[in-house]
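Asks: One file is attached below, model.cif, containing mmCIF, C-alpha atoms.
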```cif
data_target
#
loop_
_atom_site.label_atom_id
_atom_site.label_comp_id
_atom_site.auth_asym_id
_atom_site.auth_seq_id
_atom_site.Cartn_x
_atom_site.Cartn_y
_atom_site.Cartn_z
CA MET A 35 70.90 54.63 30.17
CA THR A 36 71.55 56.41 26.86
CA ALA A 37 69.60 55.83 23.65
CA ARG A 38 72.57 53.96 22.22
CA HIS A 39 72.68 51.62 25.19
CA LEU A 40 68.94 51.01 24.91
CA LEU A 41 69.16 50.02 21.24
CA LEU A 42 71.99 47.64 22.02
CA ALA A 43 69.99 46.00 24.75
CA LEU A 44 67.02 45.54 22.43
CA SER A 45 69.24 44.06 19.76
CA LEU A 46 70.64 41.54 22.20
CA LEU A 47 67.15 40.66 23.38
CA ALA A 48 66.01 40.03 19.80
CA GLY A 49 68.96 37.74 19.27
CA LEU A 50 67.97 35.79 22.32
CA VAL A 51 64.45 35.33 20.93
CA VAL A 52 65.78 33.85 17.70
CA VAL A 53 68.00 31.25 19.31
CA ALA A 54 65.86 30.39 22.32
CA PRO A 55 64.85 26.71 22.26
CA ALA A 56 61.18 25.66 22.08
CA ARG A 57 59.74 24.04 25.16
CA ALA A 58 56.50 22.29 24.08
CA ALA A 59 56.48 18.55 23.33
CA ALA A 60 54.97 16.98 20.23
CA THR A 61 52.46 14.22 20.97
CA CYS A 62 51.60 11.72 18.24
CA VAL A 63 48.79 9.18 17.94
CA ALA A 64 47.83 6.78 15.16
CA THR A 65 44.64 5.20 13.88
CA ALA A 66 44.19 2.33 11.45
CA ASN A 67 41.56 0.06 9.99
CA PRO A 68 40.56 -2.43 12.71
CA THR A 69 40.86 -5.33 10.27
CA LEU A 70 43.16 -6.23 7.42
CA PRO A 71 40.82 -8.53 5.49
CA PHE A 72 42.12 -10.93 2.84
CA ASN A 73 38.62 -12.41 2.59
CA THR A 74 38.41 -15.87 0.98
CA ILE A 75 41.62 -17.67 0.06
CA ASN A 76 41.89 -20.86 -1.97
CA SER A 77 44.34 -23.58 -1.02
CA LEU A 78 47.06 -23.92 -3.68
CA ALA A 79 45.95 -20.62 -5.25
CA ALA A 80 48.03 -20.00 -8.35
CA GLY A 81 48.52 -16.30 -7.58
CA PRO A 82 49.13 -14.19 -4.47
CA THR A 83 46.40 -12.29 -2.63
CA THR A 84 46.96 -8.70 -1.48
CA ALA A 85 45.28 -6.30 0.93
CA THR A 86 46.02 -2.80 2.24
CA LEU A 87 46.18 -1.39 5.77
CA ASN A 88 45.65 2.38 5.95
CA ILE A 89 47.25 4.22 8.87
CA THR A 90 46.89 7.89 9.82
CA VAL A 91 49.28 9.57 12.26
CA THR A 92 48.33 12.87 13.91
CA CYS A 93 50.80 14.96 15.93
CA ASN A 94 49.97 17.92 18.19
CA THR A 95 52.12 20.63 19.74
CA ALA A 96 51.01 23.16 22.37
CA ALA A 97 51.21 26.91 21.66
CA LEU A 98 54.75 28.27 21.30
CA SER A 99 54.84 31.69 19.67
CA LEU A 100 53.24 33.61 16.86
CA LEU A 101 55.59 32.24 14.18
CA ALA A 102 56.61 28.90 15.70
CA SER A 103 56.69 25.61 13.78
CA THR A 104 57.35 21.92 14.37
CA GLY A 105 58.92 19.24 12.17
CA VAL A 106 58.25 15.60 13.08
CA ARG A 107 59.52 12.22 11.88
CA VAL A 108 57.38 9.25 12.93
CA CYS A 109 58.19 5.54 12.70
CA VAL A 110 55.31 3.05 12.72
CA GLY A 111 56.69 -0.25 13.95
CA ILE A 112 54.80 -3.53 13.49
CA GLY A 113 55.81 -6.76 15.25
CA PRO A 114 55.11 -10.40 14.37
CA GLY A 115 51.53 -10.41 15.72
CA THR A 116 49.79 -13.10 17.75
CA GLY A 117 50.17 -15.58 14.89
CA GLY A 118 53.94 -15.39 15.19
CA SER A 119 56.46 -15.57 12.38
CA ASN A 120 59.06 -17.81 10.81
CA ALA A 121 62.30 -17.02 9.04
CA THR A 122 60.52 -15.53 6.04
CA TRP A 123 56.88 -14.83 6.84
CA ARG A 124 54.46 -13.61 9.43
CA THR A 125 51.75 -16.20 10.04
CA MET A 126 48.03 -16.31 10.69
CA THR A 127 46.61 -19.24 12.63
CA THR A 128 43.30 -21.03 13.15
CA SER A 129 41.78 -22.26 16.39
CA THR A 130 43.34 -25.65 15.61
CA SER A 131 46.84 -24.13 15.14
CA ASP A 132 46.94 -24.45 11.35
CA THR A 133 49.06 -21.72 9.79
CA MET A 134 49.00 -19.47 6.74
CA ASN A 135 51.99 -17.40 5.62
CA PHE A 136 51.61 -13.71 4.85
CA GLN A 137 53.72 -10.57 5.02
CA LEU A 138 53.47 -6.79 5.54
CA TYR A 139 55.45 -4.40 3.37
CA ASN A 140 56.33 -0.70 3.58
CA THR A 141 56.04 -0.29 -0.18
CA PRO A 142 53.44 -1.32 -2.78
CA SER A 143 56.28 -2.89 -4.76
CA LEU A 144 56.81 -5.34 -1.85
CA SER A 145 60.50 -4.45 -1.79
CA GLN A 146 60.72 -3.72 1.95
CA VAL A 147 59.19 -5.78 4.75
CA THR A 148 57.64 -3.79 7.62
CA GLY A 149 59.51 -4.20 10.90
CA LEU A 150 59.18 -3.09 14.50
CA VAL A 151 62.39 -1.10 15.07
CA PRO A 152 63.23 2.26 13.41
CA ARG A 153 65.92 1.67 10.77
CA GLY A 154 66.05 -1.96 11.89
CA THR A 155 66.19 -5.11 9.78
CA PRO A 156 63.49 -4.98 8.61
CA PRO A 157 62.70 -1.31 9.34
CA ALA A 158 59.59 0.36 10.67
CA GLN A 159 57.58 2.48 8.26
CA GLU A 160 58.58 6.17 8.31
CA LEU A 161 56.64 9.33 7.58
CA THR A 162 57.25 13.04 8.14
CA MET A 163 55.23 16.18 8.67
CA SER A 164 55.72 19.88 9.37
CA TYR A 165 53.16 22.31 10.76
CA SER A 166 52.90 25.77 12.29
CA VAL A 167 52.21 26.22 15.99
CA PRO A 168 50.18 29.43 16.56
CA VAL A 169 50.52 31.14 19.90
CA LEU A 170 46.84 30.89 20.86
CA THR A 171 45.79 27.44 19.67
CA GLY A 172 48.89 25.35 19.20
CA GLY A 173 49.26 23.31 16.04
CA SER A 174 48.88 19.87 14.58
CA GLY A 175 49.69 17.89 11.49
CA ALA A 176 48.50 14.62 10.02
CA GLN A 177 50.02 12.18 7.56
CA SER A 178 48.68 8.96 6.12
CA THR A 179 50.53 5.89 4.95
CA SER A 180 49.61 2.42 3.74
CA LEU A 181 51.11 -0.97 4.38
CA THR A 182 50.70 -3.56 1.65
CA ALA A 183 49.98 -7.09 2.82
CA GLN A 184 50.31 -10.23 0.72
CA ILE A 185 49.54 -13.93 1.06
CA PRO A 186 51.89 -15.88 -1.22
CA ALA A 187 50.62 -18.39 -3.77
CA ASN A 188 50.76 -22.19 -3.74
CA GLN A 189 50.23 -22.76 -0.03
CA VAL A 190 48.65 -26.03 1.07
CA LEU A 191 46.06 -24.77 3.54
CA ALA A 192 43.56 -26.26 5.94
CA SER A 193 40.02 -24.93 5.81
CA GLY A 194 39.04 -22.51 8.55
CA ALA A 195 39.21 -18.91 9.78
CA TYR A 196 42.75 -17.55 10.08
CA SER A 197 43.82 -14.46 12.01
CA SER A 198 46.71 -12.62 13.63
CA THR A 199 46.17 -9.64 15.93
CA PHE A 200 48.61 -6.75 16.22
CA SER A 201 48.37 -4.78 19.46
CA GLY A 202 50.35 -3.90 22.58
CA ALA A 203 54.08 -4.35 22.03
CA ASN A 204 53.40 -5.43 18.42
CA VAL A 205 52.43 -1.87 17.44
CA VAL A 206 54.87 0.90 18.43
CA LEU A 207 55.08 4.57 17.45
CA THR A 208 58.47 6.25 17.80
CA TRP A 209 58.81 9.91 16.92
CA ALA A 210 61.26 12.80 17.12
CA TRP A 211 60.56 16.48 16.67
CA ASN A 212 62.30 19.80 16.17
CA GLU A 213 60.66 23.06 17.23
CA VAL A 214 61.61 26.68 16.62
CA LEU A 215 59.90 29.83 17.84
CA LEU A 216 60.57 31.68 14.61
CA GLY A 217 60.82 30.25 11.11
CA THR A 218 60.50 26.72 9.76
CA ALA A 219 61.63 23.79 11.86
CA THR A 220 63.68 21.07 10.20
CA VAL A 221 62.44 17.49 10.23
CA PRO A 222 64.70 15.24 12.35
CA ALA A 223 66.89 12.84 10.43
CA ALA A 224 65.78 9.86 12.52
CA CYS A 225 62.82 8.85 14.67
CA ASN A 226 64.81 8.16 17.79
CA GLY A 227 67.40 10.87 18.27
CA GLY A 228 69.18 14.04 17.17
CA ALA A 229 66.23 16.33 17.75
CA THR A 230 64.58 18.71 20.20
CA GLY A 231 62.75 15.75 21.70
CA THR A 232 61.87 12.08 21.19
CA ALA A 233 59.10 9.81 22.44
CA THR A 234 57.78 6.27 22.08
CA ALA A 235 54.27 4.88 22.52
CA SER A 236 53.29 1.21 22.54
CA ALA A 237 49.76 -0.02 21.75
CA ALA A 238 49.42 2.97 19.47
CA PHE A 239 46.58 1.22 17.64
CA SER A 240 45.49 -2.33 16.93
CA PHE A 241 44.33 -4.34 13.93
CA THR A 242 43.68 -7.96 13.02
CA ALA A 243 44.69 -9.64 9.78
CA THR A 244 42.02 -12.14 8.71
CA ALA A 245 41.54 -14.72 5.97
CA ASN A 246 39.08 -17.54 5.41
CA VAL A 247 39.74 -20.81 3.61
CA LEU A 248 36.49 -22.47 2.57
CA PRO A 249 35.96 -26.22 2.94
CA LEU A 250 36.82 -28.07 -0.26
CA CYS A 251 36.82 -31.65 -1.50
CA GLY A 252 38.01 -32.94 -4.85
CA SER A 253 39.99 -35.61 -6.71
CA TYR A 254 37.28 -38.26 -6.57
CA VAL A 255 38.10 -41.80 -7.75
CA THR A 256 35.69 -44.76 -7.56
CA THR A 257 36.02 -48.43 -8.40
CA ASP A 258 33.19 -50.61 -9.71
CA MET A 259 31.57 -53.28 -7.59
CA ASN A 260 31.57 -56.61 -9.43
CA PHE A 261 29.56 -59.42 -7.83
CA GLY A 262 31.11 -61.88 -10.30
CA ASN A 263 29.64 -64.70 -12.37
CA VAL A 264 26.90 -66.85 -10.90
CA THR A 265 25.99 -70.31 -12.19
CA GLY A 266 22.48 -71.42 -11.40
CA GLY A 267 20.57 -69.66 -8.64
CA ILE A 268 21.66 -67.45 -5.74
CA PRO A 269 21.09 -69.55 -2.63
CA ALA A 270 23.34 -67.48 -0.32
CA ASN A 271 24.61 -63.93 0.15
CA ILE A 272 27.12 -62.68 -2.38
CA ASP A 273 29.34 -60.00 -0.83
CA GLN A 274 31.64 -57.62 -2.61
CA THR A 275 33.26 -54.18 -2.07
CA ALA A 276 34.12 -51.05 -3.99
CA THR A 277 36.13 -47.99 -2.97
CA LEU A 278 35.73 -44.25 -3.13
CA THR A 279 38.89 -42.14 -2.79
CA LEU A 280 38.55 -38.43 -2.14
CA THR A 281 40.83 -35.61 -1.06
CA CYS A 282 39.48 -32.84 1.16
CA LEU A 283 41.27 -29.91 2.75
CA LYS A 284 42.33 -30.51 6.31
CA ASN A 285 39.47 -29.72 8.74
CA THR A 286 36.82 -30.02 6.00
CA ALA A 287 33.85 -31.95 7.40
CA TYR A 288 32.15 -33.98 4.67
CA GLN A 289 29.31 -36.46 4.14
CA VAL A 290 29.11 -38.99 1.32
CA SER A 291 25.67 -39.98 0.01
CA LEU A 292 24.73 -42.84 -2.34
CA ASP A 293 21.46 -42.69 -4.23
CA ASN A 294 19.22 -45.69 -4.86
CA GLY A 295 20.39 -46.29 -8.40
CA GLN A 296 18.62 -46.19 -11.74
CA ASN A 297 16.37 -49.21 -11.30
CA ASN A 298 14.57 -48.53 -8.04
CA PRO A 299 10.78 -48.24 -8.00
CA ALA A 300 9.50 -44.71 -7.46
CA ALA A 301 9.51 -43.45 -3.87
CA THR A 302 11.26 -46.56 -2.51
CA SER A 303 14.76 -47.26 -1.27
CA THR A 304 15.06 -50.57 -3.12
CA ARG A 305 18.26 -51.04 -5.08
CA ARG A 306 18.17 -53.39 -8.06
CA MET A 307 20.42 -54.43 -10.90
CA SER A 308 18.63 -55.05 -14.17
CA THR A 309 19.01 -56.73 -17.53
CA THR A 310 16.84 -56.71 -20.66
CA ILE A 311 16.02 -59.97 -22.43
CA GLY A 312 13.68 -60.11 -25.39
CA GLY A 313 12.20 -56.73 -24.60
CA SER A 314 11.50 -57.61 -20.96
CA ARG A 315 13.40 -56.31 -17.94
CA TYR A 316 14.53 -58.55 -15.11
CA TYR A 317 15.96 -57.54 -11.75
CA VAL A 318 18.25 -58.80 -9.02
CA GLY A 319 18.14 -56.94 -5.72
CA TYR A 320 21.23 -55.79 -3.83
CA GLU A 321 22.18 -53.37 -1.05
CA LEU A 322 25.08 -51.10 -0.11
CA TYR A 323 26.42 -50.61 3.42
CA ARG A 324 28.84 -48.47 5.39
CA ASP A 325 30.22 -51.29 7.54
CA ALA A 326 31.77 -54.69 6.95
CA ALA A 327 29.02 -56.40 8.94
CA ARG A 328 26.57 -54.96 6.43
CA SER A 329 24.22 -53.71 9.12
CA GLN A 330 24.34 -49.95 8.34
CA ARG A 331 22.67 -49.11 5.06
CA TRP A 332 24.41 -46.44 2.99
CA GLY A 333 21.83 -43.96 1.77
CA ASN A 334 21.43 -40.29 0.97
CA THR A 335 19.75 -38.75 4.02
CA LEU A 336 22.33 -36.41 5.52
CA THR A 337 23.42 -37.16 9.11
CA VAL A 338 21.17 -40.26 9.10
CA ASP A 339 22.56 -42.91 6.75
CA THR A 340 25.49 -41.22 5.03
CA ALA A 341 29.19 -41.77 5.65
CA SER A 342 30.94 -38.83 7.29
CA GLY A 343 34.52 -37.79 7.88
CA THR A 344 36.96 -34.92 8.18
CA GLY A 345 39.53 -34.07 5.55
CA THR A 346 43.22 -34.47 6.24
CA GLY A 347 44.59 -32.72 3.17
CA THR A 348 45.62 -36.08 1.72
CA ALA A 349 43.70 -38.82 -0.10
CA GLN A 350 41.24 -40.80 2.03
CA GLN A 351 39.71 -44.10 0.93
CA LEU A 352 36.21 -45.18 1.91
CA THR A 353 35.02 -48.75 1.43
CA ILE A 354 31.52 -49.45 0.12
CA TYR A 355 30.22 -52.86 1.20
CA GLY A 356 27.77 -54.56 -1.15
CA ARG A 357 25.54 -57.61 -0.79
CA VAL A 358 23.24 -59.56 -3.09
CA PRO A 359 20.84 -61.51 -0.83
CA PRO A 360 19.60 -65.03 -1.65
CA VAL A 361 17.13 -65.22 -4.52
CA THR A 362 14.26 -67.68 -4.70
CA GLY A 363 14.35 -69.46 -8.03
CA GLN A 364 16.81 -68.78 -10.78
CA PRO A 365 17.06 -65.32 -12.41
CA PRO A 366 17.24 -65.34 -16.22
CA ALA A 367 20.78 -65.51 -17.54
CA GLY A 368 22.24 -62.13 -18.44
CA THR A 369 24.46 -59.28 -17.30
CA TYR A 370 22.80 -57.29 -14.54
CA ASN A 371 23.99 -53.82 -13.62
CA ASP A 372 23.03 -50.54 -11.98
CA ARG A 373 24.60 -47.10 -11.70
CA ILE A 374 24.92 -45.30 -8.36
CA THR A 375 25.37 -41.54 -8.05
CA VAL A 376 27.76 -40.42 -5.32
CA THR A 377 27.20 -37.00 -3.74
CA ILE A 378 29.77 -35.36 -1.47
CA THR A 379 28.48 -32.61 0.80
CA TYR A 380 30.93 -30.33 2.65
#
```
Kindly transcribe the structure held in the file into structure tokens.
Replies:
Amino acid sequence: MTARHLLLALSLLAGLVVVAPARAAATCVATANPTLPFNTINSLAAGPTTATLNITVTCNTAALSLLASTGVRVCVGIGPGTGGSNATWRTMTTSTSDTMNFQLYNTPSLSQVTGLVPRGTPPAQELTMSYSVPVLTGGSGAQSTSLTAQIPANQVLASGAYSSTFSGANVVLTWAWNEVLLGTATVPAACNGGATGTATASAAFSFTATANVLPLCGSYVTTDMNFGNVTGGIPANIDQTATLTLTCLKNTAYQVSLDNGQNNPAATSTRRMSTTIGGSRYYVGYELYRDAARSQRWGNTLTVDTASGTGTGTAQQLTIYGRVPPVTGQPPAGTYNDRITVTITY
């Protein structure tokens, strides 16, 4: 072989090195915060509540050559989660199947919902990276992204702990890579084709969206209890009722207590109506009950003599049953009254 032939052979060999395809695969994994916490949410909140899920994707390529490089495009796909979804929203649920709407977005501006499929409707989140692949150690690259989550305002919610878990087929990584042995590799135009290689991994990571709606009662309305006008004495029971209307969030357990009024002797449970005549105070006893038979006194010792219930999210009416027992003799004429304080514990 002449010197000229040798140089030609070397030149052809160099050309083969430049165009030879890379043979190592890129492997990508992802990590994320284990929880996406919205913390405490108020029913009928006037404004939305937002949270952020941080995701980091790391890709590795085995050693190729001294000047090799890899370009990767990764799609992070998120499904509906265990809470499911409706036409507009993903949902979180409680143990009693109550639901709360929320959504995941690819952008902080909330302009693009996060989907499961690359370039789908809605699309998976995309990110890119390029890195060198040294001949001795191989190479790797990492890229971080964030998904913005939002709970919309003005939802009528039940109290309780809400959650939706994203794992398994609800979290999918799809990636494509280009590799060259010399120079800078181009990043593929899509996550699922048109590249040196493509791959998909389900259950890439998992996270749980959580929110808590605290028990709440409000909108209290009471009516007065009027035992009417009495002529002469009180030889028999005088019965009357009043009502308390309250609205509590669905699933809110509550207890309603009634104190002993303003005219009871210290350290006793006696209820009395009073009137003042000529500088002297006079009393007529009465009692309040939880039942129509007037056998269950209504007091203020929790779980003992209070009325209890569970909110429905709509107005609930409780009846207070009152009784003035017979009085020996004739009380002085006058208007007798008392004031009861109602306490709602939830």
Asks: Skipping near chain neighbours, those fewer than 3 positions away, what residues fall within 10 Å of Thr141 of chain A using all atoms listed in the file, listed as a ChimeraX atom specification?
Replies: /A:138,144-148,159,179-183
Asks: Can you spell out as a ChimeraX atom specification the set of residues that the PyMOL selection byres ((chain A and resi 211-213) around 10) selects in the structure I just provided?
Replies: /A:55-61,93,95,98,102-108,162-167,209-210,214-233
Asks: Next, the residues of the selection above should be written as a compact mmCIF listing (two decimals), in the coordinates of the input with C-alpha atoms.
Replies:
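Output saved as result.txt:
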```txt
# COMPACT_ATOMS: atom_id res chain seq x y z
CA PRO A 55 64.85 26.71 22.26
CA ALA A 56 61.18 25.66 22.08
CA ARG A 57 59.74 24.04 25.16
CA ALA A 58 56.50 22.29 24.08
CA ALA A 59 56.48 18.55 23.33
CA ALA A 60 54.97 16.98 20.23
CA THR A 61 52.46 14.22 20.97
CA CYS A 93 50.80 14.96 15.93
CA THR A 95 52.12 20.63 19.74
CA LEU A 98 54.75 28.27 21.30
CA ALA A 102 56.61 28.90 15.70
CA SER A 103 56.69 25.61 13.78
CA THR A 104 57.35 21.92 14.37
CA GLY A 105 58.92 19.24 12.17
CA VAL A 106 58.25 15.60 13.08
CA ARG A 107 59.52 12.22 11.88
CA VAL A 108 57.38 9.25 12.93
CA THR A 162 57.25 13.04 8.14
CA MET A 163 55.23 16.18 8.67
CA SER A 164 55.72 19.88 9.37
CA TYR A 165 53.16 22.31 10.76
CA SER A 166 52.90 25.77 12.29
CA VAL A 167 52.21 26.22 15.99
CA TRP A 209 58.81 9.91 16.92
CA ALA A 210 61.26 12.80 17.12
CA VAL A 214 61.61 26.68 16.62
CA LEU A 215 59.90 29.83 17.84
CA LEU A 216 60.57 31.68 14.61
CA GLY A 217 60.82 30.25 11.11
CA THR A 218 60.50 26.72 9.76
CA ALA A 219 61.63 23.79 11.86
CA THR A 220 63.68 21.07 10.20
CA VAL A 221 62.44 17.49 10.23
CA PRO A 222 64.70 15.24 12.35
CA ALA A 223 66.89 12.84 10.43
CA ALA A 224 65.78 9.86 12.52
CA CYS A 225 62.82 8.85 14.67
CA ASN A 226 64.81 8.16 17.79
CA GLY A 227 67.40 10.87 18.27
CA GLY A 228 69.18 14.04 17.17
CA ALA A 229 66.23 16.33 17.75
CA THR A 230 64.58 18.71 20.20
CA GLY A 231 62.75 15.75 21.70
CA THR A 232 61.87 12.08 21.19
CA ALA A 233 59.10 9.81 22.44
```
Asks: Can you tell me which residues surround Asp339 of chain A at a distance of at most 9 Å, considering only C-alpha atoms, apart from same-chain residues fewer than 5 positions away, and format the answer as JSON, numbers by chain?
Replies: {"A": [291, 324, 330, 331, 332, 333, 334]}
Asks: Which one is closest to Ser143 of chain A: A:Gln184, A:Val190, A:Thr375, A:Cys282? Count all atoms listed in the file.
Replies: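 Closest residue, counting all atoms listed in the file: A:Gln184.
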Asks: Give the answer as one residue: which of A:Gly343, A:Gly113, A:Gly266, A:Pro168 has the shortest atom-to-atom distance to Ala287 of chain A, using all atoms listed in the file?
Replies: A:Gly343
Asks: Written as a list in words, which residues does the PyMOL selection byres ((chain A and resi 116) around 6) give for the file shown?
Replies: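 Matching residues under the PyMOL selection byres ((chain A and resi 116) around 6) are Gly115, Gly117, Gly118, Ser198 and Thr199 of chain A.
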Asks: From the options A:Val63, A:Val91, A:Ala97, A:Leu250, which residue's atoms come nearest to Ala176 of chain A, counting all atoms listed in the file?
Replies: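 Smallest distance to Ala176 of chain A is found for A:Val91.
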Asks: Counting all atoms listed in the file, select every polymer residue within 6 Å of (38.9, -43.5, 1.4) as defined in the file's coordinates, and provide the selection as an NGL selection string.
Replies: :A and (278-279 or 350-352)
Asks: Could you tell me how far atom CA of Thr155 of chain A lies from atom CA of Pro82 of chain A, in Å and to one decimal?
Replies: 24.0 Å
Asks: Any chance you could resolve the PyMOL selection byres ((chain A and resi 364) around 6) against this file and give the residues as a PDB file with C-alpha atoms, in the frame of the given file?
Replies:
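Written file, out-v6.pdb:
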```pdb
ATOM      1  CA  GLY A 267      20.570 -69.660  -8.640  1.00  0.00           C
ATOM      2  CA  GLY A 363      14.350 -69.460  -8.030  1.00  0.00           C
ATOM      3  CA  PRO A 365      17.060 -65.320 -12.410  1.00  0.00           C
TER       4      PRO A 365
END
```
Asks: Have a look at A:Ile378, A:Val205, A:Ala80, A:Val361 and name the one nearest to Phe241 of chain A; count only C-alpha atoms.
Replies: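 Closest candidate: A:Val205.
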Asks: Adding 3 Å on each side of the box along x, y and z that holds all listed atoms of segment 123-128 of chain A, could you give its centre and edge lengths in Å to one decimal, as JSON?
Replies:
```
{"center_x": 50.1, "center_y": -17.3, "center_z": 10.0, "size_x": 19.6, "size_y": 13.4, "size_z": 12.3}
```
Asks: What is the distance, in Å and to one decimal place, between atom CA of Ser308 of chain A and atom CA of Thr353 of chain A?
Replies: 23.5 Å
Asks: Need to verify the contact set: Cys251 of chain A, 9 Å, only C-alpha atoms, exclusion of same-chain residues closer than 4 positions in sequence. Can you return it as a compact mmCIF listing (two decimals) with C-alpha atoms, in the frame of the given file?
Replies:
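out.txt, freshly written:
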```
# COMPACT_ATOMS: atom_id res chain seq x y z
CA LEU A 280 38.55 -38.43 -2.14
CA THR A 281 40.83 -35.61 -1.06
CA CYS A 282 39.48 -32.84 1.16
CA LEU A 283 41.27 -29.91 2.75
CA THR A 286 36.82 -30.02 6.00
CA TYR A 288 32.15 -33.98 4.67
CA GLY A 345 39.53 -34.07 5.55
CA ILE A 378 29.77 -35.36 -1.47
CA THR A 379 28.48 -32.61 0.80
CA TYR A 380 30.93 -30.33 2.65
```
Asks: Please determine, counting only C-alpha atoms, which residue among A:Leu292, A:Ile374, A:Val338, A:Ala326 has the shortest atom-to-atom distance to Tyr355 of chain A.
Replies: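 So, comparing all the options, the nearest one is A:Ala326.
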Asks: Please measure the separation of atom CA of Leu207 of chain A and atom CA of Cys62 of chain A, giving the value in Å to one decimal.
Replies: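 Atom-to-atom, atom CA of Leu207 of chain A to atom CA of Cys62 of chain A, that is 8.0 Å.
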Asks: Show me, as a short mmCIF file (atom, residue, chain, number, x, y, z; two decimals) with C-alpha atoms, keeping the file's coordinate frame, the residues that have an atom within 9 Å of Tyr320 of chain A when counting all atoms listed in the file, minus same-chain residues fewer than 5 positions from it.
Replies:
```
data_model
loop_
_atom_site.label_atom_id
_atom_site.label_comp_id
_atom_site.auth_asym_id
_atom_site.auth_seq_id
_atom_site.Cartn_x
_atom_site.Cartn_y
_atom_site.Cartn_z
CA THR A 304 15.06 -50.57 -3.12
CA ARG A 305 18.26 -51.04 -5.08
CA ARG A 306 18.17 -53.39 -8.06
CA MET A 307 20.42 -54.43 -10.90
CA GLY A 356 27.77 -54.56 -1.15
CA ARG A 357 25.54 -57.61 -0.79
CA VAL A 358 23.24 -59.56 -3.09
CA PRO A 359 20.84 -61.51 -0.83
#
```
Asks: Find the spatial neighbours of Val206 of chain A, counting all atoms listed in the file, within a cut-off of 7 Å - ignore same-chain residues fewer than 3 positions away - and output them as a list in words.
Replies: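 That gives Val110, Gly111, Ile112, Ala203, Ala235, Ser236, Ala237 and Ala238 of chain A.
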Asks: Please determine, counting all atoms listed in the file, which residue among A:Leu161, A:Val376, A:Ile354, A:Ala245 has the shortest atom-to-atom distance to Ala195 of chain A.
Replies: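 Of the candidates, the smallest distance to Ala195 of chain A is held by A:Ala245.
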